[in-house]
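Contents: one structure, followed by commentary.
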Amino acid sequence: MDGLFTDIAKYSDEKLIDDIAGIVSLSRKFSSDYNLSVLEAMSMEDYAIGHGDHLNFCYRIEMELIRMGDIRGLAGSQKFGVWYSKKDGEYQNTEKFGNSLEEAWAVVKAEIINLVKAGAKEDYEAIRESMLSPLFRYKILAVYYPDQYITIFSDRHLSYFCEKLEIPLSSGDDTLTLQRKLILWKEQHSGTKEMSLIMYVKWLYDTLGRPLKTEWISEHKRNLKKLYKDLEEFDKKHPEAKTVEVLRRERSGKVAAYVKERANGVCQLCNKPAPFYNKTGEPFLECHHVVWIAKGGIDEPSNAVALCPNCHKKMHILDMDEDVSYLKKKAKKK
């Protein structure tokens, strides 16, 4: 760690700074050329790669903006959802977006528009729920918001850099969480604090190199299943418990663990990422019973959510009806 910033001065070179500024300028032009109004009116021909015209959304984001993350060849044209097949001489689509080309195109376009809107608000829940392929999804975010999202889309690379920088990792860390951890590290160190995110990525690769070809496996769903099973096993062990205070206290810990894992690092009220990570690398959120235990609420995942400290305090002070109604829906999701 001591030698990380040995060559940091070269990242203040005017030529390099101008070069990075040129990359950012290209991204600004793209996001202007394809602003929300343009996206809403965009045709399949304006979007799809493969028909020979390079002035389309997919070709430009893949090739013109290659220095903001190389996604060439990865998952082929199918990663775009809709594309033009030169071999077959027709437009094609991946089945998950619809049974017909027209249906698929409508879904793909809506997903892009929703992603651009969610990216601006840092709505991590909406970003995670996007149907777009992860590589394409995170490339779009980096292009539209180069000051908010990092131009590394591989969990393997992201986790590698976290490990090299001694940033605590959790098995449930996904792309957004790993990106966020690296950005927070950047902002906490004087050597990298003033760098643009694109310059920071260059510094990461220059300084730390690239990972070996091993896979980073997310265990988020596996953890959820295990924790939920834990709750069920706990109930089986105490079917006739009489000491309510003791039973509730022990169960609360299991409920809290489950709802925090379910939230996956994002406050379920404001939909913002956890404000910081604890010493073991877990996003810091607090368990809140939507209907308070003191008011007769049950100590179950269906009545519990994970909130950032600010929203948790808000619920205990205001407990607004609209927030309660919103969180009740969140709590019922497994």
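Identifiers for the structure tokens are assigned positionally: chains receive A, B, ... in sequence, residues are indexed from 1 per chain, and ligands are indexed from 1 in the order shown.
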
Residues near Leu16 of chain A, cut-off 12 Å, only C-alpha atoms, skip fewer than 4 positions along chain, as a PDB file with all heavy atoms, in the first residue's frame:
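The file below, selection.pdb, is the result:
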```pdb
ATOM      1  N   ALA A   9       2.306  11.618  -9.707  1.00  0.00           N
ATOM      2  CA  ALA A   9       2.508  12.912 -10.365  1.00  0.00           C
ATOM      3  C   ALA A   9       2.217  12.846 -11.862  1.00  0.00           C
ATOM      4  O   ALA A   9       1.749  13.825 -12.456  1.00  0.00           O
ATOM      5  CB  ALA A   9       3.939  13.394 -10.126  1.00  0.00           C
ATOM      6  N   LYS A  10       2.464  11.699 -12.483  1.00  0.00           N
ATOM      7  CA  LYS A  10       2.269  11.609 -13.934  1.00  0.00           C
ATOM      8  C   LYS A  10       0.800  11.732 -14.334  1.00  0.00           C
ATOM      9  O   LYS A  10       0.487  12.024 -15.490  1.00  0.00           O
ATOM     10  CB  LYS A  10       2.866  10.316 -14.480  1.00  0.00           C
ATOM     11  CG  LYS A  10       2.096   9.048 -14.187  1.00  0.00           C
ATOM     12  CD  LYS A  10       2.786   7.856 -14.835  1.00  0.00           C
ATOM     13  CE  LYS A  10       1.988   6.575 -14.687  1.00  0.00           C
ATOM     14  NZ  LYS A  10       2.672   5.418 -15.301  1.00  0.00           N
ATOM     15  N   TYR A  11      -0.106  11.537 -13.368  1.00  0.00           N
ATOM     16  CA  TYR A  11      -1.524  11.657 -13.660  1.00  0.00           C
ATOM     17  C   TYR A  11      -2.005  13.116 -13.603  1.00  0.00           C
ATOM     18  O   TYR A  11      -3.181  13.395 -13.782  1.00  0.00           O
ATOM     19  CB  TYR A  11      -2.334  10.757 -12.724  1.00  0.00           C
ATOM     20  CG  TYR A  11      -1.992   9.304 -12.940  1.00  0.00           C
ATOM     21  CD1 TYR A  11      -1.008   8.679 -12.178  1.00  0.00           C
ATOM     22  CD2 TYR A  11      -2.600   8.586 -13.954  1.00  0.00           C
ATOM     23  CE1 TYR A  11      -0.660   7.353 -12.412  1.00  0.00           C
ATOM     24  CE2 TYR A  11      -2.252   7.266 -14.200  1.00  0.00           C
ATOM     25  CZ  TYR A  11      -1.279   6.657 -13.426  1.00  0.00           C
ATOM     26  OH  TYR A  11      -0.919   5.348 -13.678  1.00  0.00           O
ATOM     27  N   SER A  12      -1.043  14.013 -13.369  1.00  0.00           N
ATOM     28  CA  SER A  12      -1.319  15.446 -13.437  1.00  0.00           C
ATOM     29  C   SER A  12      -0.770  16.041 -14.723  1.00  0.00           C
ATOM     30  O   SER A  12      -0.836  17.255 -14.930  1.00  0.00           O
ATOM     31  CB  SER A  12      -0.690  16.162 -12.229  1.00  0.00           C
ATOM     32  OG  SER A  12      -1.231  15.676 -11.028  1.00  0.00           O
ATOM     33  N   ILE A  20      -7.998  12.496 -21.388  1.00  0.00           N
ATOM     34  CA  ILE A  20      -9.151  12.015 -20.609  1.00  0.00           C
ATOM     35  C   ILE A  20     -10.348  12.934 -20.825  1.00  0.00           C
ATOM     36  O   ILE A  20     -11.492  12.469 -20.958  1.00  0.00           O
ATOM     37  CB  ILE A  20      -8.800  11.930 -19.111  1.00  0.00           C
ATOM     38  CG1 ILE A  20      -7.679  10.903 -18.867  1.00  0.00           C
ATOM     39  CG2 ILE A  20     -10.037  11.576 -18.298  1.00  0.00           C
ATOM     40  CD1 ILE A  20      -8.031   9.480 -19.230  1.00  0.00           C
ATOM     41  N   ALA A  21     -10.085  14.245 -20.895  1.00  0.00           N
ATOM     42  CA  ALA A  21     -11.168  15.211 -21.124  1.00  0.00           C
ATOM     43  C   ALA A  21     -11.837  14.958 -22.470  1.00  0.00           C
ATOM     44  O   ALA A  21     -13.057  15.132 -22.617  1.00  0.00           O
ATOM     45  CB  ALA A  21     -10.629  16.631 -21.060  1.00  0.00           C
ATOM     46  N   GLY A  22     -11.032  14.520 -23.455  1.00  0.00           N
ATOM     47  CA  GLY A  22     -11.584  14.213 -24.771  1.00  0.00           C
ATOM     48  C   GLY A  22     -12.530  13.019 -24.718  1.00  0.00           C
ATOM     49  O   GLY A  22     -13.564  12.998 -25.395  1.00  0.00           O
ATOM     50  N   ILE A  23     -12.178  12.029 -23.895  1.00  0.00           N
ATOM     51  CA  ILE A  23     -13.043  10.854 -23.727  1.00  0.00           C
ATOM     52  C   ILE A  23     -14.363  11.266 -23.081  1.00  0.00           C
ATOM     53  O   ILE A  23     -15.441  10.853 -23.517  1.00  0.00           O
ATOM     54  CB  ILE A  23     -12.335   9.787 -22.862  1.00  0.00           C
ATOM     55  CG1 ILE A  23     -11.050   9.307 -23.550  1.00  0.00           C
ATOM     56  CG2 ILE A  23     -13.274   8.607 -22.611  1.00  0.00           C
ATOM     57  CD1 ILE A  23     -10.201   8.397 -22.682  1.00  0.00           C
ATOM     58  N   MET A 195      -8.999  13.040  -8.984  1.00  0.00           N
ATOM     59  CA  MET A 195      -9.052  12.424 -10.310  1.00  0.00           C
ATOM     60  C   MET A 195     -10.489  12.276 -10.794  1.00  0.00           C
ATOM     61  O   MET A 195     -11.403  12.051 -10.000  1.00  0.00           O
ATOM     62  CB  MET A 195      -8.425  11.028 -10.274  1.00  0.00           C
ATOM     63  CG  MET A 195      -6.934  10.971 -10.140  1.00  0.00           C
ATOM     64  SD  MET A 195      -6.403   9.217 -10.171  1.00  0.00           S
ATOM     65  CE  MET A 195      -4.626   9.421 -10.019  1.00  0.00           C
ATOM     66  N   SER A 196     -10.677  12.366 -12.103  1.00  0.00           N
ATOM     67  CA  SER A 196     -11.967  11.977 -12.669  1.00  0.00           C
ATOM     68  C   SER A 196     -12.062  10.457 -12.556  1.00  0.00           C
ATOM     69  O   SER A 196     -11.047   9.776 -12.375  1.00  0.00           O
ATOM     70  CB  SER A 196     -12.048  12.391 -14.137  1.00  0.00           C
ATOM     71  OG  SER A 196     -11.137  11.617 -14.909  1.00  0.00           O
ATOM     72  N   ILE A 198     -12.658   8.345 -14.859  1.00  0.00           N
ATOM     73  CA  ILE A 198     -11.974   7.698 -15.983  1.00  0.00           C
ATOM     74  C   ILE A 198     -10.467   7.670 -15.739  1.00  0.00           C
ATOM     75  O   ILE A 198      -9.796   6.663 -16.001  1.00  0.00           O
ATOM     76  CB  ILE A 198     -12.306   8.417 -17.308  1.00  0.00           C
ATOM     77  CG1 ILE A 198     -13.796   8.276 -17.600  1.00  0.00           C
ATOM     78  CG2 ILE A 198     -11.481   7.838 -18.459  1.00  0.00           C
ATOM     79  CD1 ILE A 198     -14.266   9.012 -18.819  1.00  0.00           C
ATOM     80  N   MET A 199      -9.927   8.752 -15.220  1.00  0.00           N
ATOM     81  CA  MET A 199      -8.500   8.783 -14.873  1.00  0.00           C
ATOM     82  C   MET A 199      -8.215   7.777 -13.754  1.00  0.00           C
ATOM     83  O   MET A 199      -7.180   7.090 -13.767  1.00  0.00           O
ATOM     84  CB  MET A 199      -8.096  10.191 -14.420  1.00  0.00           C
ATOM     85  CG  MET A 199      -6.606  10.325 -14.082  1.00  0.00           C
ATOM     86  SD  MET A 199      -5.566  10.348 -15.553  1.00  0.00           S
ATOM     87  CE  MET A 199      -5.698  12.108 -15.975  1.00  0.00           C
ATOM     88  N   LYS A 202      -7.847   4.345 -15.128  1.00  0.00           N
ATOM     89  CA  LYS A 202      -6.530   4.193 -15.753  1.00  0.00           C
ATOM     90  C   LYS A 202      -5.466   3.962 -14.681  1.00  0.00           C
ATOM     91  O   LYS A 202      -4.590   3.091 -14.829  1.00  0.00           O
ATOM     92  CB  LYS A 202      -6.186   5.442 -16.576  1.00  0.00           C
ATOM     93  CG  LYS A 202      -4.775   5.411 -17.164  1.00  0.00           C
ATOM     94  CD  LYS A 202      -4.497   6.573 -18.069  1.00  0.00           C
ATOM     95  CE  LYS A 202      -3.034   6.604 -18.499  1.00  0.00           C
ATOM     96  NZ  LYS A 202      -2.566   5.318 -19.071  1.00  0.00           N
ATOM     97  N   TRP A 203      -5.545   4.719 -13.597  1.00  0.00           N
ATOM     98  CA  TRP A 203      -4.592   4.569 -12.499  1.00  0.00           C
ATOM     99  C   TRP A 203      -4.685   3.172 -11.884  1.00  0.00           C
ATOM    100  O   TRP A 203      -3.662   2.553 -11.584  1.00  0.00           O
ATOM    101  CB  TRP A 203      -4.859   5.637 -11.433  1.00  0.00           C
ATOM    102  CG  TRP A 203      -3.989   5.497 -10.221  1.00  0.00           C
ATOM    103  CD1 TRP A 203      -2.706   5.953 -10.067  1.00  0.00           C
ATOM    104  CD2 TRP A 203      -4.330   4.838  -8.986  1.00  0.00           C
ATOM    105  NE1 TRP A 203      -2.224   5.621  -8.816  1.00  0.00           N
ATOM    106  CE2 TRP A 203      -3.197   4.940  -8.136  1.00  0.00           C
ATOM    107  CE3 TRP A 203      -5.465   4.188  -8.521  1.00  0.00           C
ATOM    108  CZ2 TRP A 203      -3.187   4.397  -6.845  1.00  0.00           C
ATOM    109  CZ3 TRP A 203      -5.456   3.655  -7.241  1.00  0.00           C
ATOM    110  CH2 TRP A 203      -4.325   3.765  -6.425  1.00  0.00           C
TER     111      TRP A 203
END
```

What's the 9 Å shell around Ser252 of chain A, counting only C-alpha atoms, without same-chain residues fewer than 6 positions away, as a list in words?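 Contacts, with the query itself left out: Cys287, Asp299 and Glu300 of chain A.
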
Keeping only N, CA and C atoms, write the selected residues as a PDB file, in the first residue's frame.
```
ATOM      1  N   CYS A 287     -32.301  -2.577  10.695  1.00  0.00           N
ATOM      2  CA  CYS A 287     -33.586  -3.261  10.570  1.00  0.00           C
ATOM      3  C   CYS A 287     -34.692  -2.424  11.223  1.00  0.00           C
ATOM      4  N   ASP A 299     -42.751  -9.791  14.521  1.00  0.00           N
ATOM      5  CA  ASP A 299     -41.311  -9.847  14.275  1.00  0.00           C
ATOM      6  C   ASP A 299     -41.036 -10.865  13.177  1.00  0.00           C
ATOM      7  N   GLU A 300     -41.392 -10.485  11.946  1.00  0.00           N
ATOM      8  CA  GLU A 300     -41.263 -11.354  10.783  1.00  0.00           C
ATOM      9  C   GLU A 300     -40.662 -10.546   9.620  1.00  0.00           C
TER      10      GLU A 300
END
```

Which polymer residues have any atom within 12 Å of an atom of Asn56 of chain A, counting only C-alpha atoms, with same-chain residues fewer than 6 positions away left out, as a compact mmCIF listing (two decimals) with N, CA, C and O atoms, in the first residue's frame?
```txt
# COMPACT_ATOMS: atom_id res chain seq x y z
N PHE A 30 -22.50 11.97 -26.82
CA PHE A 30 -23.40 10.83 -27.01
C PHE A 30 -24.67 11.00 -26.19
O PHE A 30 -25.79 10.82 -26.70
N ASP A 33 -26.75 13.57 -27.82
CA ASP A 33 -27.37 13.08 -29.06
C ASP A 33 -28.52 12.13 -28.77
O ASP A 33 -29.46 12.02 -29.57
N TYR A 34 -28.42 11.41 -27.65
CA TYR A 34 -29.46 10.46 -27.27
C TYR A 34 -30.04 10.84 -25.91
O TYR A 34 -30.06 10.04 -24.97
N LEU A 39 -34.41 9.42 -27.16
CA LEU A 39 -34.62 8.00 -26.86
C LEU A 39 -36.09 7.61 -27.02
O LEU A 39 -36.41 6.54 -27.53
N MET A 42 -36.75 7.22 -30.62
CA MET A 42 -35.79 6.40 -31.35
C MET A 42 -36.45 5.20 -32.04
O MET A 42 -37.25 4.49 -31.44
N SER A 43 -36.08 4.98 -33.31
CA SER A 43 -36.60 3.84 -34.06
C SER A 43 -35.64 2.67 -33.94
O SER A 43 -34.50 2.82 -33.49
N MET A 44 -36.09 1.51 -34.36
CA MET A 44 -35.24 0.32 -34.33
C MET A 44 -34.00 0.52 -35.20
O MET A 44 -32.90 0.10 -34.86
N GLU A 45 -34.18 1.21 -36.34
CA GLU A 45 -33.06 1.47 -37.24
C GLU A 45 -32.04 2.41 -36.60
O GLU A 45 -30.83 2.28 -36.83
N ASP A 46 -32.51 3.34 -35.79
CA ASP A 46 -31.61 4.27 -35.10
C ASP A 46 -30.84 3.56 -33.99
O ASP A 46 -29.80 4.05 -33.55
N TYR A 47 -31.34 2.44 -33.56
CA TYR A 47 -30.78 1.75 -32.40
C TYR A 47 -29.86 0.58 -32.76
O TYR A 47 -28.77 0.43 -32.23
N ALA A 48 -30.32 -0.28 -33.65
CA ALA A 48 -29.73 -1.61 -33.82
C ALA A 48 -28.38 -1.63 -34.54
O ALA A 48 -28.17 -0.91 -35.52
N ILE A 49 -27.50 -2.45 -34.06
CA ILE A 49 -26.20 -2.69 -34.67
C ILE A 49 -26.34 -3.75 -35.75
O ILE A 49 -27.23 -4.59 -35.68
N GLY A 50 -25.49 -3.66 -36.78
CA GLY A 50 -25.43 -4.75 -37.76
C GLY A 50 -25.87 -4.44 -39.16
O GLY A 50 -25.55 -5.17 -40.09
N GLU A 62 -20.68 1.00 -28.36
CA GLU A 62 -19.71 -0.09 -28.31
C GLU A 62 -18.36 0.32 -28.90
O GLU A 62 -17.31 0.01 -28.32
N MET A 63 -18.35 1.02 -30.04
CA MET A 63 -17.11 1.31 -30.76
C MET A 63 -16.62 2.74 -30.58
O MET A 63 -15.44 2.96 -30.28
N GLU A 64 -17.48 3.70 -30.77
CA GLU A 64 -17.06 5.10 -30.64
C GLU A 64 -16.59 5.40 -29.22
O GLU A 64 -15.67 6.20 -29.01
N TRP A 83 -31.09 -6.59 -32.71
CA TRP A 83 -29.98 -6.32 -33.62
C TRP A 83 -30.37 -6.75 -35.03
O TRP A 83 -31.40 -7.41 -35.24
N TYR A 84 -29.52 -6.36 -36.00
CA TYR A 84 -29.76 -6.74 -37.39
C TYR A 84 -28.78 -7.83 -37.77
O TYR A 84 -27.57 -7.69 -37.62
```

Which neighbours of segment 302-305 of chain A fall inside 9 Å, counting only C-alpha atoms, when residues of the same chain fewer than 5 positions from it are skipped, and could you give them as a PyMOL selection string? chain A and resi 255-256+259-260+262-263+267-269+286-292+297+327-334

Can you measure atom CA of Glu90 of chain A to atom CA of Pro134 of chain A for me? One decimal in Å is fine.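 Pair atom CA of Glu90 of chain A / atom CA of Pro134 of chain A returns 25.2 Å.
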
Near segment 139-151 of chain A, counting only C-alpha atoms, which residues have an atom at most 7 Å away, once you skip same-chain residues fewer than 3 positions from it, shown as a PyMOL selection string? chain A and resi 27+31+68-69+116+119+135-136+179+196-198+201

Convert the current residue selection to file output with N, CA and C atoms, as a PDB file, in the first residue's frame.
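That gives us out.pdb:
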```pdb
ATOM      1  N   SER A  27     -18.432  11.211 -24.420  1.00  0.00           N
ATOM      2  CA  SER A  27     -19.581  10.674 -23.684  1.00  0.00           C
ATOM      3  C   SER A  27     -20.670  11.730 -23.536  1.00  0.00           C
ATOM      4  N   SER A  31     -24.523  11.341 -24.904  1.00  0.00           N
ATOM      5  CA  SER A  31     -25.703  11.476 -24.040  1.00  0.00           C
ATOM      6  C   SER A  31     -26.580  12.647 -24.470  1.00  0.00           C
ATOM      7  N   MET A  68     -14.308   3.928 -22.959  1.00  0.00           N
ATOM      8  CA  MET A  68     -15.087   3.989 -21.722  1.00  0.00           C
ATOM      9  C   MET A  68     -15.550   2.594 -21.316  1.00  0.00           C
ATOM     10  N   GLY A  69     -14.790   1.602 -21.743  1.00  0.00           N
ATOM     11  CA  GLY A  69     -15.114   0.218 -21.415  1.00  0.00           C
ATOM     12  C   GLY A  69     -15.334  -0.595 -22.669  1.00  0.00           C
ATOM     13  N   VAL A 116     -31.686   5.112 -17.857  1.00  0.00           N
ATOM     14  CA  VAL A 116     -31.104   6.464 -17.878  1.00  0.00           C
ATOM     15  C   VAL A 116     -31.721   7.321 -16.768  1.00  0.00           C
ATOM     16  N   GLY A 119     -30.383   5.991 -13.395  1.00  0.00           N
ATOM     17  CA  GLY A 119     -28.983   6.344 -13.205  1.00  0.00           C
ATOM     18  C   GLY A 119     -28.808   7.748 -12.692  1.00  0.00           C
ATOM     19  N   LEU A 135     -23.427  -6.027 -18.864  1.00  0.00           N
ATOM     20  CA  LEU A 135     -22.359  -5.282 -19.541  1.00  0.00           C
ATOM     21  C   LEU A 135     -22.913  -4.044 -20.241  1.00  0.00           C
ATOM     22  N   PHE A 136     -23.989  -4.224 -20.986  1.00  0.00           N
ATOM     23  CA  PHE A 136     -24.619  -3.124 -21.715  1.00  0.00           C
ATOM     24  C   PHE A 136     -25.186  -2.102 -20.736  1.00  0.00           C
ATOM     25  N   GLN A 179     -18.505  -1.250  -7.373  1.00  0.00           N
ATOM     26  CA  GLN A 179     -18.168   0.063  -7.943  1.00  0.00           C
ATOM     27  C   GLN A 179     -18.187   1.130  -6.854  1.00  0.00           C
ATOM     28  N   SER A 196     -10.677  12.366 -12.103  1.00  0.00           N
ATOM     29  CA  SER A 196     -11.967  11.977 -12.669  1.00  0.00           C
ATOM     30  C   SER A 196     -12.062  10.457 -12.556  1.00  0.00           C
ATOM     31  N   LEU A 197     -13.256   9.920 -12.659  1.00  0.00           N
ATOM     32  CA  LEU A 197     -13.410   8.475 -12.547  1.00  0.00           C
ATOM     33  C   LEU A 197     -12.693   7.740 -13.678  1.00  0.00           C
ATOM     34  N   ILE A 198     -12.658   8.345 -14.859  1.00  0.00           N
ATOM     35  CA  ILE A 198     -11.974   7.698 -15.983  1.00  0.00           C
ATOM     36  C   ILE A 198     -10.467   7.670 -15.739  1.00  0.00           C
ATOM     37  N   VAL A 201      -9.722   4.962 -13.158  1.00  0.00           N
ATOM     38  CA  VAL A 201      -9.693   3.614 -13.728  1.00  0.00           C
ATOM     39  C   VAL A 201      -8.351   3.354 -14.402  1.00  0.00           C
TER      40      VAL A 201
END
```

As an exercise, work out the distance from atom CA of Glu103 of chain A to atom CA of Ile127 of chain A in Å and give it to one decimal place. 21.4 Å

Can you list, as a PyMOL selection string, every residue of segment 13-262 of chain A that DSSP puts in alpha helix (DSSP H)? chain A and resi 14-33+36-41+44-47+57-59+101-121+124-129+134-144+155-164+175-187+190-193+197-208+220-237+244-262

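Here atom CA of Thr207 of chain A stands at a distance of 21.3 Å from atom CA of Thr175 of chain A.
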
Could you check the closest approach to Lys29 of chain A for each of A:Ile61, A:Ile293, A:Ala41, A:Leu4 and tell me which residue wins, using only C-alpha atoms?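 So, comparing all the options, the nearest one is A:Ile61.
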
Smallest atom-to-atom distance to Pro168 of chain A: which of A:Tyr91, A:Trp105, A:Tyr277, A:Tyr326, using only C-alpha atoms?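 The shortest atom-to-atom distance to Pro168 of chain A comes from A:Tyr277.
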
Skip Phe5 of chain A itself and residues of its chain fewer than 2 positions away, then list as a VMD selection string all residues within 10 Å of it, counting only C-alpha atoms. chain A and resid 1 to 3 7 to 9 189 to 192 203 207

Residues as selected, N, CA, C and O atoms, written as a compact mmCIF listing (two decimals), in the first residue's frame, can you do that?
```
# COMPACT_ATOMS: atom_id res chain seq x y z
N MET A 1 0.82 -1.21 0.00
CA MET A 1 0.00 0.00 0.00
C MET A 1 0.85 1.26 0.00
O MET A 1 0.48 2.27 -0.56
N ASP A 2 2.03 1.19 0.62
CA ASP A 2 2.87 2.38 0.75
C ASP A 2 3.33 2.91 -0.60
O ASP A 2 3.52 4.10 -0.77
N GLY A 3 3.53 2.00 -1.58
CA GLY A 3 4.06 2.44 -2.87
C GLY A 3 3.00 2.78 -3.90
O GLY A 3 3.34 3.02 -5.07
N ASP A 7 4.12 7.04 -8.35
CA ASP A 7 4.13 7.70 -9.66
C ASP A 7 2.89 8.56 -9.88
O ASP A 7 2.50 8.82 -11.02
N ILE A 8 2.26 8.99 -8.81
CA ILE A 8 0.98 9.71 -8.93
C ILE A 8 1.12 11.02 -9.69
O ILE A 8 0.17 11.50 -10.32
N ALA A 9 2.31 11.62 -9.71
CA ALA A 9 2.51 12.91 -10.36
C ALA A 9 2.22 12.85 -11.86
O ALA A 9 1.75 13.83 -12.46
N HIS A 189 -8.78 9.14 -0.38
CA HIS A 189 -7.32 9.21 -0.48
C HIS A 189 -6.90 10.41 -1.32
O HIS A 189 -7.39 10.60 -2.44
N SER A 190 -6.03 11.20 -0.76
CA SER A 190 -5.62 12.45 -1.40
C SER A 190 -4.99 12.24 -2.77
O SER A 190 -5.13 13.07 -3.67
N GLY A 191 -4.31 11.10 -2.96
CA GLY A 191 -3.67 10.85 -4.24
C GLY A 191 -4.64 10.68 -5.39
O GLY A 191 -4.31 10.97 -6.55
N THR A 192 -5.83 10.20 -5.11
CA THR A 192 -6.82 9.93 -6.16
C THR A 192 -8.07 10.79 -6.06
O THR A 192 -8.88 10.80 -6.99
N TRP A 203 -5.55 4.72 -13.60
CA TRP A 203 -4.59 4.57 -12.50
C TRP A 203 -4.69 3.17 -11.88
O TRP A 203 -3.66 2.55 -11.58
N THR A 207 -1.50 0.78 -12.04
CA THR A 207 -0.84 0.53 -10.76
C THR A 207 -1.00 -0.91 -10.28
O THR A 207 -0.06 -1.50 -9.73
```

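Compared by their closest atoms to Tyr258 of chain A, and using only C-alpha atoms, the residues A:Glu282, A:Asp123, A:Glu194, A:Asp230 rank with A:Asp230 nearest.
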